[in-house]
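This is coords.pdb. It holds PDB, C-alpha atoms, pLDDT in the B column.
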```
ATOM      1  CA  ASP T   1      14.677  -1.010  10.526  1.00 69.00           C
ATOM      2  CA  VAL T   2      13.126   1.446   8.133  1.00 68.00           C
ATOM      3  CA  LYS T   3      11.010   3.994   9.855  1.00 90.00           C
ATOM      4  CA  VAL T   4       8.376   6.082   8.141  1.00 95.00           C
ATOM      5  CA  THR T   5       6.651   8.571  10.374  1.00 95.00           C
ATOM      6  CA  GLN T   6       3.623  10.705   9.744  1.00 96.00           C
ATOM      7  CA  SER T   7       3.042  13.934  11.615  1.00 90.00           C
ATOM      8  CA  SER T   8      -0.435  13.148  12.923  1.00 91.00           C
ATOM      9  CA  ARG T   9      -2.445   9.983  13.534  1.00 93.00           C
ATOM     10  CA  TYR T  10      -5.759  11.841  13.606  1.00 96.00           C
ATOM     11  CA  LEU T  11      -6.668  15.200  12.128  1.00 96.00           C
ATOM     12  CA  VAL T  12      -9.969  17.074  11.991  1.00 97.00           C
ATOM     13  CA  LYS T  13     -10.294  20.023   9.626  1.00 97.00           C
ATOM     14  CA  ARG T  14     -13.064  22.197   8.248  1.00 97.00           C
ATOM     15  CA  THR T  15     -14.156  22.473   4.641  1.00 97.00           C
ATOM     16  CA  GLY T  16     -12.027  24.990   2.771  1.00 97.00           C
ATOM     17  CA  GLU T  17      -9.041  24.802   5.096  1.00 97.00           C
ATOM     18  CA  LYS T  18      -5.540  24.218   3.736  1.00 97.00           C
ATOM     19  CA  VAL T  19      -4.202  20.958   5.145  1.00 97.00           C
ATOM     20  CA  PHE T  20      -0.625  19.741   5.337  1.00 97.00           C
ATOM     21  CA  LEU T  21       0.236  16.090   5.938  1.00 97.00           C
ATOM     22  CA  GLU T  22       3.888  15.449   6.620  1.00 97.00           C
ATOM     23  CA  CYS T  23       5.879  12.273   6.109  1.00 97.00           C
ATOM     24  CA  VAL T  24       9.484  11.594   7.071  1.00 97.00           C
ATOM     25  CA  GLN T  25      11.628   8.535   6.361  1.00 96.00           C
ATOM     26  CA  ASP T  26      14.968   7.815   7.975  1.00 94.00           C
ATOM     27  CA  MET T  27      16.564   5.375   5.518  1.00 90.00           C
ATOM     28  CA  ASP T  28      17.768   7.634   2.709  1.00 91.00           C
ATOM     29  CA  HIS T  29      15.160   6.210   0.334  1.00 93.00           C
ATOM     30  CA  GLU T  30      14.881   7.701  -3.135  1.00 93.00           C
ATOM     31  CA  ASN T  31      11.155   7.100  -3.662  1.00 93.00           C
ATOM     32  CA  MET T  32       8.269   8.371  -1.610  1.00 96.00           C
ATOM     33  CA  PHE T  33       4.541   7.891  -2.108  1.00 97.00           C
ATOM     34  CA  TRP T  34       1.206   9.196  -0.864  1.00 98.00           C
ATOM     35  CA  TYR T  35      -1.861   6.937  -0.929  1.00 97.00           C
ATOM     36  CA  ARG T  36      -5.367   7.254   0.343  1.00 97.00           C
ATOM     37  CA  GLN T  37      -7.131   4.214   1.748  1.00 95.00           C
ATOM     38  CA  ASP T  38     -10.907   3.894   1.661  1.00 95.00           C
ATOM     39  CA  PRO T  39     -13.010   0.863   2.644  1.00 91.00           C
ATOM     40  CA  GLY T  40     -13.674  -1.387  -0.312  1.00 89.00           C
ATOM     41  CA  LEU T  41     -11.315   0.558  -2.563  1.00 92.00           C
ATOM     42  CA  GLY T  42      -7.957  -0.461  -1.158  1.00 92.00           C
ATOM     43  CA  LEU T  43      -5.073   1.952  -1.593  1.00 94.00           C
ATOM     44  CA  ARG T  44      -5.013   4.474  -4.404  1.00 95.00           C
ATOM     45  CA  LEU T  45      -1.888   6.404  -5.357  1.00 95.00           C
ATOM     46  CA  ILE T  46      -2.173  10.173  -5.143  1.00 97.00           C
ATOM     47  CA  TYR T  47       1.384  11.339  -5.929  1.00 97.00           C
ATOM     48  CA  PHE T  48       4.883   9.952  -5.848  1.00 95.00           C
ATOM     49  CA  SER T  49       8.396  11.325  -5.982  1.00 95.00           C
ATOM     50  CA  TYR T  50      11.658   9.831  -7.223  1.00 92.00           C
ATOM     51  CA  ASP T  51      13.949  12.568  -6.045  1.00 90.00           C
ATOM     52  CA  VAL T  52      14.052  15.898  -4.325  1.00 91.00           C
ATOM     53  CA  LYS T  53      11.823  18.412  -6.109  1.00 85.00           C
ATOM     54  CA  MET T  54      10.591  15.679  -8.461  1.00 89.00           C
ATOM     55  CA  LYS T  55       6.954  14.604  -8.403  1.00 93.00           C
ATOM     56  CA  GLU T  56       4.608  12.606 -10.549  1.00 93.00           C
ATOM     57  CA  LYS T  57       0.846  12.300 -10.479  1.00 94.00           C
ATOM     58  CA  GLY T  58      -0.630   9.045  -9.401  1.00 93.00           C
ATOM     59  CA  ASP T  59      -4.128   7.815 -10.144  1.00 92.00           C
ATOM     60  CA  ILE T  60      -6.131  10.354  -8.113  1.00 96.00           C
ATOM     61  CA  PRO T  61      -4.164  13.637  -7.912  1.00 96.00           C
ATOM     62  CA  GLU T  62      -7.139  15.992  -8.200  1.00 96.00           C
ATOM     63  CA  GLY T  63      -7.459  18.283  -5.196  1.00 96.00           C
ATOM     64  CA  TYR T  64      -3.974  17.457  -3.915  1.00 97.00           C
ATOM     65  CA  SER T  65      -0.447  18.745  -4.356  1.00 97.00           C
ATOM     66  CA  VAL T  66       2.883  17.628  -2.912  1.00 96.00           C
ATOM     67  CA  SER T  67       6.228  19.028  -1.935  1.00 96.00           C
ATOM     68  CA  ARG T  68       9.606  17.377  -1.557  1.00 96.00           C
ATOM     69  CA  GLU T  69      12.257  19.902  -0.610  1.00 94.00           C
ATOM     70  CA  LYS T  70      14.446  17.414   1.267  1.00 95.00           C
ATOM     71  CA  LYS T  71      15.075  13.777   0.490  1.00 94.00           C
ATOM     72  CA  GLU T  72      13.650  12.498   3.749  1.00 95.00           C
ATOM     73  CA  ARG T  73      10.438  14.542   3.760  1.00 96.00           C
ATOM     74  CA  PHE T  74       7.384  14.362   1.511  1.00 97.00           C
ATOM     75  CA  SER T  75       4.380  16.557   2.184  1.00 97.00           C
ATOM     76  CA  LEU T  76       0.844  16.181   0.938  1.00 98.00           C
ATOM     77  CA  ILE T  77      -1.185  19.374   0.642  1.00 98.00           C
ATOM     78  CA  LEU T  78      -4.909  19.742   0.380  1.00 97.00           C
ATOM     79  CA  GLU T  79      -5.298  23.281  -0.939  1.00 94.00           C
ATOM     80  CA  SER T  80      -8.962  23.554   0.049  1.00 97.00           C
ATOM     81  CA  ALA T  81     -10.182  20.558   1.978  1.00 97.00           C
ATOM     82  CA  SER T  82     -13.516  19.048   1.066  1.00 97.00           C
ATOM     83  CA  THR T  83     -15.656  16.428   2.796  1.00 97.00           C
ATOM     84  CA  ASN T  84     -14.904  13.862   0.085  1.00 97.00           C
ATOM     85  CA  GLN T  85     -11.260  14.008   1.142  1.00 98.00           C
ATOM     86  CA  THR T  86     -12.134  12.441   4.487  1.00 98.00           C
ATOM     87  CA  SER T  87      -9.999   9.318   4.418  1.00 97.00           C
ATOM     88  CA  MET T  88      -6.956   7.468   5.749  1.00 96.00           C
ATOM     89  CA  TYR T  89      -3.743   8.771   4.200  1.00 97.00           C
ATOM     90  CA  LEU T  90      -0.705   6.519   4.034  1.00 97.00           C
ATOM     91  CA  CYS T  91       2.821   7.531   3.202  1.00 97.00           C
ATOM     92  CA  ALA T  92       5.396   5.043   1.940  1.00 96.00           C
ATOM     93  CA  SER T  93       9.016   5.033   0.847  1.00 95.00           C
ATOM     94  CA  SER T  94      11.242   2.666  -1.102  1.00 93.00           C
ATOM     95  CA  LEU T  95      14.942   2.451  -1.804  1.00 90.00           C
ATOM     96  CA  GLY T  96      14.784   3.064  -5.542  1.00 80.00           C
ATOM     97  CA  GLY T  97      15.594  -0.232  -7.222  1.00 78.00           C
ATOM     98  CA  GLU T  98      13.200  -2.121  -9.451  1.00 77.00           C
ATOM     99  CA  ALA T  99       9.973  -2.940  -7.591  1.00 78.00           C
ATOM    100  CA  ASP T 100      11.632  -2.361  -4.253  1.00 86.00           C
ATOM    101  CA  THR T 101       9.563  -3.011  -1.175  1.00 90.00           C
ATOM    102  CA  GLN T 102       7.518  -0.022  -0.087  1.00 93.00           C
ATOM    103  CA  TYR T 103       7.635   0.735   3.635  1.00 94.00           C
ATOM    104  CA  PHE T 104       4.569   2.377   5.086  1.00 95.00           C
ATOM    105  CA  GLY T 105       3.912   4.838   7.847  1.00 95.00           C
ATOM    106  CA  PRO T 106       1.090   4.296  10.356  1.00 94.00           C
ATOM    107  CA  GLY T 107      -1.320   6.556   8.499  1.00 95.00           C
ATOM    108  CA  THR T 108      -3.195   9.785   9.199  1.00 96.00           C
ATOM    109  CA  ARG T 109      -6.945   9.586   9.554  1.00 96.00           C
ATOM    110  CA  LEU T 110      -8.258  12.891   8.229  1.00 97.00           C
ATOM    111  CA  THR T 111     -11.812  14.011   8.831  1.00 98.00           C
ATOM    112  CA  VAL T 112     -13.084  17.055   6.969  1.00 97.00           C
ATOM    113  CA  LEU T 113     -16.242  18.562   8.473  1.00 96.00           C
TER
ATOM    114  CA  ALA Z   1      -3.212   0.437 -16.088  1.00 72.00           C
ATOM    115  CA  GLN Z   2      -2.911  -2.757 -14.187  1.00 79.00           C
ATOM    116  CA  SER Z   3      -5.697  -3.975 -11.956  1.00 87.00           C
ATOM    117  CA  VAL Z   4      -5.898  -6.387  -9.064  1.00 92.00           C
ATOM    118  CA  THR Z   5      -8.961  -8.317  -7.944  1.00 94.00           C
ATOM    119  CA  GLN Z   6      -9.244  -9.795  -4.487  1.00 96.00           C
ATOM    120  CA  LEU Z   7     -12.188 -12.157  -4.199  1.00 92.00           C
ATOM    121  CA  GLY Z   8     -13.928 -11.890  -0.859  1.00 92.00           C
ATOM    122  CA  SER Z   9     -13.771  -8.714   1.176  1.00 94.00           C
ATOM    123  CA  HIS Z  10     -14.146 -10.799   4.353  1.00 96.00           C
ATOM    124  CA  VAL Z  11     -12.876 -14.302   5.024  1.00 97.00           C
ATOM    125  CA  SER Z  12     -13.472 -16.151   8.268  1.00 97.00           C
ATOM    126  CA  VAL Z  13     -11.577 -19.288   9.316  1.00 97.00           C
ATOM    127  CA  SER Z  14     -11.195 -21.251  12.512  1.00 97.00           C
ATOM    128  CA  GLU Z  15      -7.904 -21.293  14.355  1.00 97.00           C
ATOM    129  CA  GLY Z  16      -5.787 -24.078  12.911  1.00 97.00           C
ATOM    130  CA  ALA Z  17      -7.611 -24.134   9.578  1.00 97.00           C
ATOM    131  CA  LEU Z  18      -6.148 -23.399   6.169  1.00 97.00           C
ATOM    132  CA  VAL Z  19      -6.069 -19.777   5.102  1.00 98.00           C
ATOM    133  CA  LEU Z  20      -6.624 -19.040   1.410  1.00 97.00           C
ATOM    134  CA  LEU Z  21      -6.862 -15.470   0.176  1.00 98.00           C
ATOM    135  CA  ARG Z  22      -7.385 -14.986  -3.530  1.00 97.00           C
ATOM    136  CA  CYS Z  23      -5.727 -12.486  -5.852  1.00 96.00           C
ATOM    137  CA  ASN Z  24      -5.940 -12.161  -9.622  1.00 95.00           C
ATOM    138  CA  TYR Z  25      -4.168  -9.552 -11.715  1.00 91.00           C
ATOM    139  CA  SER Z  26      -4.924  -8.216 -15.158  1.00 87.00           C
ATOM    140  CA  SER Z  27      -1.604  -8.244 -16.997  1.00 76.00           C
ATOM    141  CA  SER Z  28      -0.602 -10.752 -19.666  1.00 69.00           C
ATOM    142  CA  VAL Z  29       3.031 -10.017 -18.907  1.00 73.00           C
ATOM    143  CA  PRO Z  30       4.261 -11.316 -15.545  1.00 70.00           C
ATOM    144  CA  PRO Z  31       4.691  -8.309 -13.297  1.00 78.00           C
ATOM    145  CA  TYR Z  32       6.059  -8.039  -9.807  1.00 90.00           C
ATOM    146  CA  LEU Z  33       3.474  -9.154  -7.255  1.00 92.00           C
ATOM    147  CA  PHE Z  34       3.185  -8.461  -3.553  1.00 95.00           C
ATOM    148  CA  TRP Z  35       1.134  -9.325  -0.514  1.00 97.00           C
ATOM    149  CA  TYR Z  36       0.961  -6.816   2.305  1.00 97.00           C
ATOM    150  CA  VAL Z  37      -0.721  -7.125   5.704  1.00 97.00           C
ATOM    151  CA  GLN Z  38      -2.264  -4.356   7.767  1.00 95.00           C
ATOM    152  CA  TYR Z  39      -2.903  -4.907  11.450  1.00 93.00           C
ATOM    153  CA  PRO Z  40      -5.442  -2.635  13.183  1.00 89.00           C
ATOM    154  CA  ASN Z  41      -4.285   0.964  13.485  1.00 84.00           C
ATOM    155  CA  GLN Z  42      -1.038   0.281  11.680  1.00 87.00           C
ATOM    156  CA  GLY Z  43       0.454   0.848   8.255  1.00 89.00           C
ATOM    157  CA  LEU Z  44       1.033  -1.925   5.754  1.00 94.00           C
ATOM    158  CA  GLN Z  45       3.952  -4.310   6.003  1.00 93.00           C
ATOM    159  CA  LEU Z  46       5.292  -6.658   3.367  1.00 95.00           C
ATOM    160  CA  LEU Z  47       4.445 -10.349   3.701  1.00 96.00           C
ATOM    161  CA  LEU Z  48       6.098 -11.545   0.513  1.00 95.00           C
ATOM    162  CA  LYS Z  49       6.863 -10.617  -3.074  1.00 93.00           C
ATOM    163  CA  TYR Z  50       7.222 -12.383  -6.414  1.00 91.00           C
ATOM    164  CA  THR Z  51      10.038 -11.246  -8.661  1.00 84.00           C
ATOM    165  CA  SER Z  52      10.153 -14.162 -11.149  1.00 78.00           C
ATOM    166  CA  ALA Z  53      12.862 -16.088  -9.309  1.00 75.00           C
ATOM    167  CA  ALA Z  54      10.500 -18.859  -8.174  1.00 83.00           C
ATOM    168  CA  THR Z  55       6.779 -19.420  -8.594  1.00 87.00           C
ATOM    169  CA  LEU Z  56       6.272 -20.448  -4.974  1.00 93.00           C
ATOM    170  CA  VAL Z  57       7.188 -17.594  -2.698  1.00 94.00           C
ATOM    171  CA  LYS Z  58       7.597 -17.960   1.038  1.00 94.00           C
ATOM    172  CA  GLY Z  59       6.986 -15.022   3.301  1.00 94.00           C
ATOM    173  CA  ILE Z  60       6.931 -14.129   6.929  1.00 94.00           C
ATOM    174  CA  ASN Z  61       4.708 -15.694   9.606  1.00 93.00           C
ATOM    175  CA  GLY Z  62       4.290 -18.957   7.658  1.00 96.00           C
ATOM    176  CA  PHE Z  63       2.531 -17.427   4.648  1.00 97.00           C
ATOM    177  CA  GLU Z  64       3.304 -18.383   1.075  1.00 97.00           C
ATOM    178  CA  ALA Z  65       1.911 -17.564  -2.340  1.00 97.00           C
ATOM    179  CA  GLU Z  66       2.065 -19.295  -5.692  1.00 94.00           C
ATOM    180  CA  PHE Z  67       2.363 -17.414  -8.957  1.00 92.00           C
ATOM    181  CA  LYS Z  68       0.310 -19.066 -11.723  1.00 91.00           C
ATOM    182  CA  LYS Z  69       0.770 -17.318 -15.035  1.00 88.00           C
ATOM    183  CA  SER Z  70      -1.894 -19.343 -16.835  1.00 88.00           C
ATOM    184  CA  GLU Z  71      -4.480 -18.279 -14.261  1.00 91.00           C
ATOM    185  CA  THR Z  72      -3.047 -14.775 -13.687  1.00 91.00           C
ATOM    186  CA  SER Z  73      -3.307 -15.539 -10.005  1.00 93.00           C
ATOM    187  CA  PHE Z  74      -1.189 -15.046  -6.907  1.00 95.00           C
ATOM    188  CA  HIS Z  75      -3.174 -16.577  -4.054  1.00 97.00           C
ATOM    189  CA  LEU Z  76      -1.938 -16.353  -0.473  1.00 98.00           C
ATOM    190  CA  THR Z  77      -2.042 -19.407   1.773  1.00 98.00           C
ATOM    191  CA  LYS Z  78      -1.111 -20.475   5.273  1.00 98.00           C
ATOM    192  CA  PRO Z  79      -1.596 -24.097   6.402  1.00 97.00           C
ATOM    193  CA  SER Z  80      -2.779 -23.307   9.919  1.00 97.00           C
ATOM    194  CA  ALA Z  81      -4.360 -20.021  10.982  1.00 97.00           C
ATOM    195  CA  HIS Z  82      -3.415 -18.364  14.226  1.00 96.00           C
ATOM    196  CA  MET Z  83      -5.427 -15.773  16.116  1.00 96.00           C
ATOM    197  CA  SER Z  84      -2.649 -13.257  15.476  1.00 95.00           C
ATOM    198  CA  ASP Z  85      -3.252 -13.560  11.708  1.00 97.00           C
ATOM    199  CA  ALA Z  86      -6.460 -11.546  12.002  1.00 97.00           C
ATOM    200  CA  ALA Z  87      -5.782  -8.490   9.860  1.00 97.00           C
ATOM    201  CA  GLU Z  88      -6.481  -7.010   6.454  1.00 96.00           C
ATOM    202  CA  TYR Z  89      -4.479  -8.357   3.524  1.00 98.00           C
ATOM    203  CA  PHE Z  90      -3.718  -6.507   0.320  1.00 97.00           C
ATOM    204  CA  CYS Z  91      -2.455  -7.885  -2.949  1.00 96.00           C
ATOM    205  CA  ALA Z  92      -0.492  -5.479  -5.154  1.00 94.00           C
ATOM    206  CA  VAL Z  93       0.990  -5.555  -8.647  1.00 91.00           C
ATOM    207  CA  SER Z  94       3.633  -3.334 -10.165  1.00 89.00           C
ATOM    208  CA  ASP Z  95       2.986  -1.194 -13.202  1.00 86.00           C
ATOM    209  CA  LEU Z  96       4.320  -2.700 -16.439  1.00 79.00           C
ATOM    210  CA  TYR Z  97       6.320   0.393 -17.390  1.00 82.00           C
ATOM    211  CA  ASN Z  98       7.139   1.840 -14.001  1.00 82.00           C
ATOM    212  CA  PHE Z  99       7.990  -0.977 -11.637  1.00 80.00           C
ATOM    213  CA  ASN Z 100       7.999   1.285  -8.636  1.00 83.00           C
ATOM    214  CA  LYS Z 101       4.346   2.187  -9.095  1.00 87.00           C
ATOM    215  CA  PHE Z 102       2.025  -0.318  -7.449  1.00 91.00           C
ATOM    216  CA  TYR Z 103      -1.678  -1.028  -7.858  1.00 92.00           C
ATOM    217  CA  PHE Z 104      -3.400  -2.436  -4.804  1.00 94.00           C
ATOM    218  CA  GLY Z 105      -6.448  -4.644  -4.532  1.00 94.00           C
ATOM    219  CA  SER Z 106      -9.420  -3.706  -2.388  1.00 95.00           C
ATOM    220  CA  GLY Z 107      -8.262  -5.856   0.508  1.00 96.00           C
ATOM    221  CA  THR Z 108      -9.518  -8.936   2.348  1.00 97.00           C
ATOM    222  CA  LYS Z 109     -10.214  -8.851   6.058  1.00 96.00           C
ATOM    223  CA  LEU Z 110      -9.308 -12.138   7.706  1.00 97.00           C
ATOM    224  CA  ASN Z 111     -11.169 -13.115  10.840  1.00 97.00           C
ATOM    225  CA  VAL Z 112      -9.850 -16.050  12.875  1.00 97.00           C
ATOM    226  CA  LYS Z 113     -12.327 -17.754  15.177  1.00 96.00           C
ATOM    227  CA  PRO Z 114     -11.149 -19.540  18.320  1.00 94.00           C
TER
END
```
Take the structure from the file and write it as structure tokens.
Amino acid sequence: DVKVTQSSRYLVKRTGEKVFLECVQDMDHENMFWYRQDPGLGLRLIYFSYDVKMKEKGDIPEGYSVSREKKERFSLILESASTNQTSMYLCASSLGGEADTQYFGPGTRLTVL
Amino acid sequence: AQSVTQLGSHVSVSEGALVLLRCNYSSSVPPYLFWYVQYPNQGLQLLLKYTSAATLVKGINGFEAEFKKSETSFHLTKPSAHMSDAAEYFCAVSDLYNFNKFYFGSGTKLNVKP
């Protein structure tokens, strides 16, 4: 079974703090994704990566950056957290073929005070 | 960009009743289509996906979905709801130029009454 793990289930940070959300997958997947999930808006893609050190902006990249130094790990960085970044963050990975199934982690619920 | 519309943010059915969750997509070109389910406090998991092999797609837990190009729809159905089906369901469509990029609908929460 594919396993995608996220470093924290719940996180509380203060405005202006630098926040790191970590995601690790154990199936040698090429693609990794970061989404945020908000009620009534579904999932929106923040960033994705096709390979180590490769990244592409998704639909809402503003205020976020990412890092992929190793194939299995994809980090989401909030350089200076703001209250409007309070949300559920979901990481996903996929093998790399056309429209391959994305496998999701359990999510990190981030609250920025 | 593609878009996905899920009609009804909340759907309530009785146990044993038909489940119908609606999804319409914006593209004129048949994309790849997906239904995912999210149980409370969990990530999303794939229910089924359409890849143009067959218009009626069967998934896990007795769910199926029918791709209708003329209606740009991909509605999810299950003949008989079970209490364990209570969850949030998301329809997703792949981007036309980058098939690994998905657009998700806003979700439909299914409540199953005993």
Could you list as JSON, numbers by chain every residue that has an atom within 9 Å of (5.1, -2.4, 4.9), using the file's coordinates and counting all atoms listed in the file? {"T": [92, 101, 102, 103, 104, 105], "Z": [36, 37, 38, 43, 44, 45, 46, 47]}
Excluding Glu64 in chain Z and residues on its chain fewer than 2 positions from it, collect all residues at most 10 Å away from it, counting all atoms listed in the file, and give them as a list in words.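 The residues that qualify are Leu20, Trp35, Leu47, Leu48, Lys49, Leu56, Val57, Lys58, Gly59, Ile60, Asn61, Gly62, Glu66, Phe74, His75, Leu76, Thr77, Lys78 and Pro79 of chain Z.
The nearest approach to chain T among the residues Z:Leu96, Z:Tyr32, Z:Ser3, Z:Tyr50, with all atoms listed in the file taken into account, belongs to Z:Tyr32.
Distances from Z:Asn111, Z:Gly105, Z:Ala87, Z:Asn98 to Gly97 in chain T were compared using only C-alpha atoms, and the smallest one belongs to Z:Asn98.
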With the file shown as input, list the residues that the PyMOL selection byres ((chain Z and resi 16) around 8) selects, as a JSON list (two decimals) with C-alpha atoms, in the frame of the given file.
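Produced file result25.json, reproduced below:
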```json
[["chain", "number", "residue", "atom", "x", "y", "z"],
["Z", 14, "SER", "CA", -11.20, -21.25, 12.51],
["Z", 15, "GLU", "CA", -7.90, -21.29, 14.36],
["Z", 17, "ALA", "CA", -7.61, -24.13, 9.58],
["Z", 18, "LEU", "CA", -6.15, -23.40, 6.17],
["Z", 79, "PRO", "CA", -1.60, -24.10, 6.40],
["Z", 80, "SER", "CA", -2.78, -23.31, 9.92],
["Z", 81, "ALA", "CA", -4.36, -20.02, 10.98],
["Z", 82, "HIS", "CA", -3.42, -18.36, 14.23]]
```
Of the candidates T:Cys91, T:Lys3, T:Ser65, T:Glu98, which shows the shortest atom-to-atom distance to Asp28 in chain T, using all atoms listed in the file?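 Checking each candidate against Asp28 in chain T, we get T:Lys3 as the closest.
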Hey, which of Z:Asp85, Z:Lys109, Z:Gln42, Z:Phe34 ends up closest to chain T? Count only C-alpha atoms. Z:Gln42
Restrict the distance test to only C-alpha atoms, flag each residue of chain T within 12 Å of chain Z, and return the flagged residues as a PyMOL selection string. chain T and resi 2-6+9-10+30-50+56-59+88-109
Mind pulling up the distance from CA of Glu71 in chain Z to CA of Thr55 in chain Z?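 Between CA of Thr55 in chain Z and CA of Glu71 in chain Z the gap is 12.7 Å.
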Got a sec to resolve the PyMOL selection byres ((chain T and resi 75) around 8) on this structure and send the residues as a PyMOL selection string? chain T and resi 20-23+66-68+73-74+76-77
